[in-house]
Structures are given as structure tokens and as C-alpha cells.
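Q: Below you'll find the structure I mean.
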Amino acid sequence: MMNVPRQPAEWVPHESVWIGFPSDGSLWEDDLAPAQAEVAAFANAVHAEGSGEKVVLVASDATAAAEATRLSASGIDILIARFGDIWLRDTGPIIVSDGAQREARSFIFNGWGGKYRLEGDDDLAARLAQGAGLDSRSCHYVLEGGAIDVDGTGLAVTTEQCLLNPNRNPDLGRAEIEARLRGDLGLDRVLWLGDGLLNDHTDGHVDNLARFVGPGRIAIPEPARDDDPNAAVYRDAQARARAFGLDVVTLPSPGRVERGGEIIPASYMNLYIGNATVVVPLYGAANDTAAVAAIQALFPTRRVVGHRADHILTGGGSFHCISQQVPALQPPESR
């Protein structure tokens, strides 16, 4: 029973989900069309021929909206809303709920510590919430949705690399951040992991490293091989989670994935947990099939599918990064 407004776990029923659709050719260049195809495949999988939640593909202009319409399944909504880029997990609102009511929270977005400031991203959360008819409250500090994950009981996980980074909230320490998460999102316990993945421009977003898969149960990758660039990060995260008292499930890692000679932050943890379907990003790595099978075992009542996300990742993220869900209201007997 939920008696305080808080951010629900991702596996609770969703009313809808916003998914960002690549729109700006000057940002995506040669990856625009293939990234659009990957996003549409993700959206179609979440829609699940109408058995999933309502999917809203958000395009930044009419040209992109027309392409989204062409690629998406019947029943998917297309919304034109000006944005800088597609990373709606970070620029969209976070929804809190007590089961009977919902309210959006919008935070300051500073381009992941000042790295990428694009017109339209800083007020997108408020505009999406207003368009969905959600009451909204502005929270006057920097927080991206991908920086935290929650299990629905008031427990959150994050990384020190991100939330304690001086490029976000230099005047806020650990205790002050925990107090704000408690007051704004109903999160009264925080597991602090250390660093995130190598070369992650978000400064270690936790949704690339560790994800809750049940109350008090967290999934963290296991190093793939001796050359896994994140082996030490995974082992440290596992140790911290176990010391915190959580049930740790280890999953395969993509291992060392390179594009153009550079190690990229490829992660199966950037999955999206939909009503009917869990969608796992794939990279052509040796563990792709094993990862889908392992995640299927964690969500036996949902269909788990893998889709390639190579071109989306050229922009810096994957399926979880481009989506933000709206939890469904609960019937009175289940609150």
C-alpha cells in the first residue's frame, strides 16, 4: 500500500510512455535515419500490438513527426514538442503517485554538467506535463531521471560520480541531496554506488550500471572477460549493494564494445520495463542472447525482447534514456 506520493518502480502498470524520436539532422548526421528506425522498433515493441501501454513518440518538428508516423505501428500517438534532443529520461518530468493521484516533478536540466546545452530541453518537462494534464511542481536543483532508479518502496540507487559531481549541484552535499529526494520524490533511503561506466558523458548515470528488478532486488552486470573496461566498476557496485543488504542478481555484460576505436558505454541495464514487454538494447556483442535470456527469467510475466541500439548509442544513450513513463492510477482495492 502506498500512502505517500513517491516515484513508483518502473514495473508497476503504466498509463503511457513518452519516447523521444530523433529529429535533428545536424546532431545525428548519417545516424539519423538508422536511429529513427531503432527508436521506432523500440516503440513498436513497447506498444506490443496494443497490449502494452499507450506510446507517445515525441518529435521535435513536423518532418520528423511524419517519419515517426511512417515507421510506427497503428495506435502509437505522435506528438510534436520542441526539444534539443531525445533523452526524455533526463529532460522529461518524473511522476510521483500515491496510487490515487499523480503529480509531475520537473528539475533543472543543465546539459549533463554543462556538456550539451540545447534549446528546448530546459523547459520540456513542464511542457510535457502540462500537455498530459498533470499538475506539476518545479524543483530548483539539477537532477536527471537516469541518475536514479527506484524499487517503489522509497529506496533509490544512484552514483556518487553523478549526484555528488560539482558540475551539478556544487552547494549540495550527500545529506542535502538525500533530503531533497525525500521531500520531492518520496525516496527515504539511498544506496550510493561509486563510479558509472567508462566514457559515459552523463558522469555515471545509474541506469547504465544497476537497475532494480523487484523490491530490494537489484541487477548489476558481471564482467564479461578480462578486458571488460568496467570490471572494477561492476565489482564495486555489487559489493556496495550487498553491504547495503540488497539481493544482488548478476547479469551478463556486453564487455568491451568499441566504435571507431573508442570504448563506448554499452549496457544491457539500459532496458525499459513496459507493461507487456521488456526491451533490452543489443550491440552485436557475444553476450546479447544470454542477456535477453537472463532478463526474461527476472520478468516471467512479460515478454523480453532485444533490439539493436547501435545508432541510438552514437548519441550517448539507449532505450531507457529516451523514454519516460507515466504510472497508471491504481484501483481503490489495490492501494
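Simple scheme: letters A, B, ... for chains in C-alpha cells order, numbers from 1 for residues in each chain, numbers from 1 for ligands in the order shown.
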Just want the 8 Å neighbourhood of region 39-54 of chain A, counted on only C-alpha atoms, with same-chain residues fewer than 3 positions away dropped. Output as a PyMOL selection string.

A: chain A and resi 14-17+19-22+35-36+57+68+71-73+75-77+274-279+305+307+312+319

Q: Would you kindly return, as a PyMOL selection string, each protein, DNA or RNA residue with an atom no farther than 12 Å from any atom of Ala291 (chain A), considering only C-alpha atoms and excluding same-chain residues fewer than 4 positions away?

A: chain A and resi 219-222+224+250-255+267-271+279-287+295-298+304-307

Q: Pick out the closest residue to Arg211 (chain A) from this set: A:Ala175, A:Ile264, A:Leu155, A:Ala59. Count only C-alpha atoms.

A: A:Leu155

Q: Which distance in Å separates CA of Gly25 (chain A) and CA of Gly111 (chain A), to one decimal?

A: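 Answer for the CA of Gly25 (chain A) to CA of Gly111 (chain A) separation: 19.2 Å.
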
Q: Pick from A:Gly152, A:Pro265, A:Pro327, A:Gly317: nearest to Arg102 (chain A), with only C-alpha atoms counted?

A: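 Going through A:Gly152, A:Pro265, A:Pro327, A:Gly317 one by one, the smallest distance to Arg102 (chain A) is for A:Pro327.
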
Q: Near Pro93 (chain A), within 6 Å and counting only C-alpha atoms, which residues show up once chain neighbours fewer than 4 positions away are dropped, as a ChimeraX atom specification?

A: /A:104-106,125

Q: Would you save the residues of that selection, restricted to N, CA and C atoms, as a tab-separated table (two decimals), in the first residue's frame?

A:
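Saved file again.tsv follows:
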chain	number	residue	atom	x	y	z
A	104	ALA	N	3.56	15.68	-11.48
A	104	ALA	CA	4.85	15.70	-12.15
A	104	ALA	C	5.84	16.55	-11.37
A	105	ARG	N	7.09	16.14	-11.43
A	105	ARG	CA	8.19	16.92	-10.88
A	105	ARG	C	9.13	17.29	-12.02
A	106	SER	N	9.44	18.56	-12.15
A	106	SER	CA	10.42	18.99	-13.14
A	106	SER	C	11.62	19.57	-12.41
A	125	ALA	N	10.17	19.33	-19.60
A	125	ALA	CA	9.44	18.58	-18.56
A	125	ALA	C	8.12	19.26	-18.23

Q: At a cut-off of 7 Å, using only C-alpha atoms, what residues contact Tyr141 (chain A)? Leave out same-chain residues fewer than 6 positions from it and give the result as a PyMOL selection string.

A: chain A and resi 107-108+169

Q: Selection from above, N, CA and C atoms, as an mmCIF file, in the first residue's frame, can you write it?

A:
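The result, stored in part.cif:
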data_model
loop_
_atom_site.group_PDB
_atom_site.id
_atom_site.type_symbol
_atom_site.label_atom_id
_atom_site.label_comp_id
_atom_site.auth_asym_id
_atom_site.auth_seq_id
_atom_site.Cartn_x
_atom_site.Cartn_y
_atom_site.Cartn_z
ATOM 1 N N PHE A 107 12.805 19.249 -12.910
ATOM 2 C CA PHE A 107 14.055 19.642 -12.278
ATOM 3 C C PHE A 107 14.861 20.517 -13.232
ATOM 4 N N ILE A 108 15.876 21.159 -12.717
ATOM 5 C CA ILE A 108 16.784 21.912 -13.579
ATOM 6 C C ILE A 108 17.592 20.921 -14.406
ATOM 7 N N ASN A 169 25.263 20.147 -8.645
ATOM 8 C CA ASN A 169 24.809 20.981 -7.517
ATOM 9 C C ASN A 169 25.968 21.171 -6.541
#

Q: Any idea what the distance is between CA of Gly315 (chain A) and CA of Val213 (chain A)?

A: 26.3 Å

Q: Please provide as a PDB file with N, CA, C and O atoms, in the first residue's frame all residues within 9 Å of Ile263 (chain A), with the sequence filter that same-chain residues fewer than 4 positions apart are discarded (counting only C-alpha atoms).

A:
ATOM      1  N   LEU A 198      32.675   3.572 -17.998  1.00  0.00           N
ATOM      2  CA  LEU A 198      33.733   4.320 -18.670  1.00  0.00           C
ATOM      3  C   LEU A 198      33.173   5.060 -19.875  1.00  0.00           C
ATOM      4  O   LEU A 198      32.366   4.517 -20.640  1.00  0.00           O
ATOM      5  N   ASN A 199      33.584   6.315 -20.023  1.00  0.00           N
ATOM      6  CA  ASN A 199      33.229   7.155 -21.176  1.00  0.00           C
ATOM      7  C   ASN A 199      31.743   7.472 -21.267  1.00  0.00           C
ATOM      8  O   ASN A 199      31.231   7.771 -22.350  1.00  0.00           O
ATOM      9  N   PRO A 229      36.093  -3.271 -19.765  1.00  0.00           N
ATOM     10  CA  PRO A 229      36.598  -1.988 -19.235  1.00  0.00           C
ATOM     11  C   PRO A 229      35.910  -1.551 -17.952  1.00  0.00           C
ATOM     12  O   PRO A 229      36.410  -0.650 -17.271  1.00  0.00           O
ATOM     13  N   ARG A 256      33.719  -5.431 -23.688  1.00  0.00           N
ATOM     14  CA  ARG A 256      34.385  -4.318 -24.373  1.00  0.00           C
ATOM     15  C   ARG A 256      33.730  -4.109 -25.736  1.00  0.00           C
ATOM     16  O   ARG A 256      33.829  -4.953 -26.625  1.00  0.00           O
ATOM     17  N   VAL A 257      33.038  -2.988 -25.893  1.00  0.00           N
ATOM     18  CA  VAL A 257      32.391  -2.648 -27.159  1.00  0.00           C
ATOM     19  C   VAL A 257      33.015  -1.342 -27.643  1.00  0.00           C
ATOM     20  O   VAL A 257      33.025  -0.342 -26.921  1.00  0.00           O
ATOM     21  N   GLU A 258      33.535  -1.352 -28.855  1.00  0.00           N
ATOM     22  CA  GLU A 258      34.198  -0.175 -29.407  1.00  0.00           C
ATOM     23  C   GLU A 258      33.504   0.272 -30.682  1.00  0.00           C
ATOM     24  O   GLU A 258      32.978  -0.535 -31.449  1.00  0.00           O
ATOM     25  N   ARG A 259      33.500   1.573 -30.907  1.00  0.00           N
ATOM     26  CA  ARG A 259      33.063   2.172 -32.157  1.00  0.00           C
ATOM     27  C   ARG A 259      34.108   3.205 -32.551  1.00  0.00           C
ATOM     28  O   ARG A 259      34.424   4.109 -31.780  1.00  0.00           O
TER      29      ARG A 259
END

Q: Find the residue from A:Phe212, A:Trp28, A:Phe244, A:Trp192 that sits nearest to Asp151 (chain A); use only C-alpha atoms when measuring.

A: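 With only C-alpha atoms as the atom set, the closest residue is A:Phe212.
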
Q: For Gly316 (chain A), which residue among A:Ile86, A:Ile94, A:Ala231, A:Ala293 is the nearest when counting only C-alpha atoms?

A: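 Nearest candidate to Gly316 (chain A) out of A:Ile86, A:Ile94, A:Ala231, A:Ala293: A:Ile86.
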
Q: Please report the interatomic distance between CA of Gly260 (chain A) and CA of Thr314 (chain A) in Å with one decimal.

A: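 Going from CA of Gly260 (chain A) over to CA of Thr314 (chain A), I get 10.6 Å.
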
Q: Applying 9 Å and only C-alpha atoms, which residues near Asp207 (chain A) remain after dropping the ones on its own chain fewer than 2 positions away? List them as a PyMOL selection string.

A: chain A and resi 145-149+158+204-205+209-211+267+269-271+320-321

Q: Looking only at strand (DSSP E or B) from DSSP on the backbone, list the matching residues of region 76-234 of chain A as a count of residues only.

A: 44

Q: As a PyMOL selection string, please: the residues near Leu118 (chain A) (cut-off 10 Å, only C-alpha atoms, same-chain neighbours under 3 positions excluded).

A: chain A and resi 83-85+110-111+115+121-122

Q: Choose the residue, out of A:Arg70, A:Arg174, A:Arg302, A:His311, that has the smallest atom-to-atom separation from Asp30 (chain A); count only C-alpha atoms.

A: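 Ranked by minimum distance to Asp30 (chain A), first place goes to A:His311.
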
Q: May I ask which of the residues A:Gly214, A:Ser60, A:Asp227, A:Leu181 is the closest one to Leu246 (chain A), counting only C-alpha atoms?

A: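 Comparing A:Gly214, A:Ser60, A:Asp227, A:Leu181 against Leu246 (chain A), the winner is A:Gly214.
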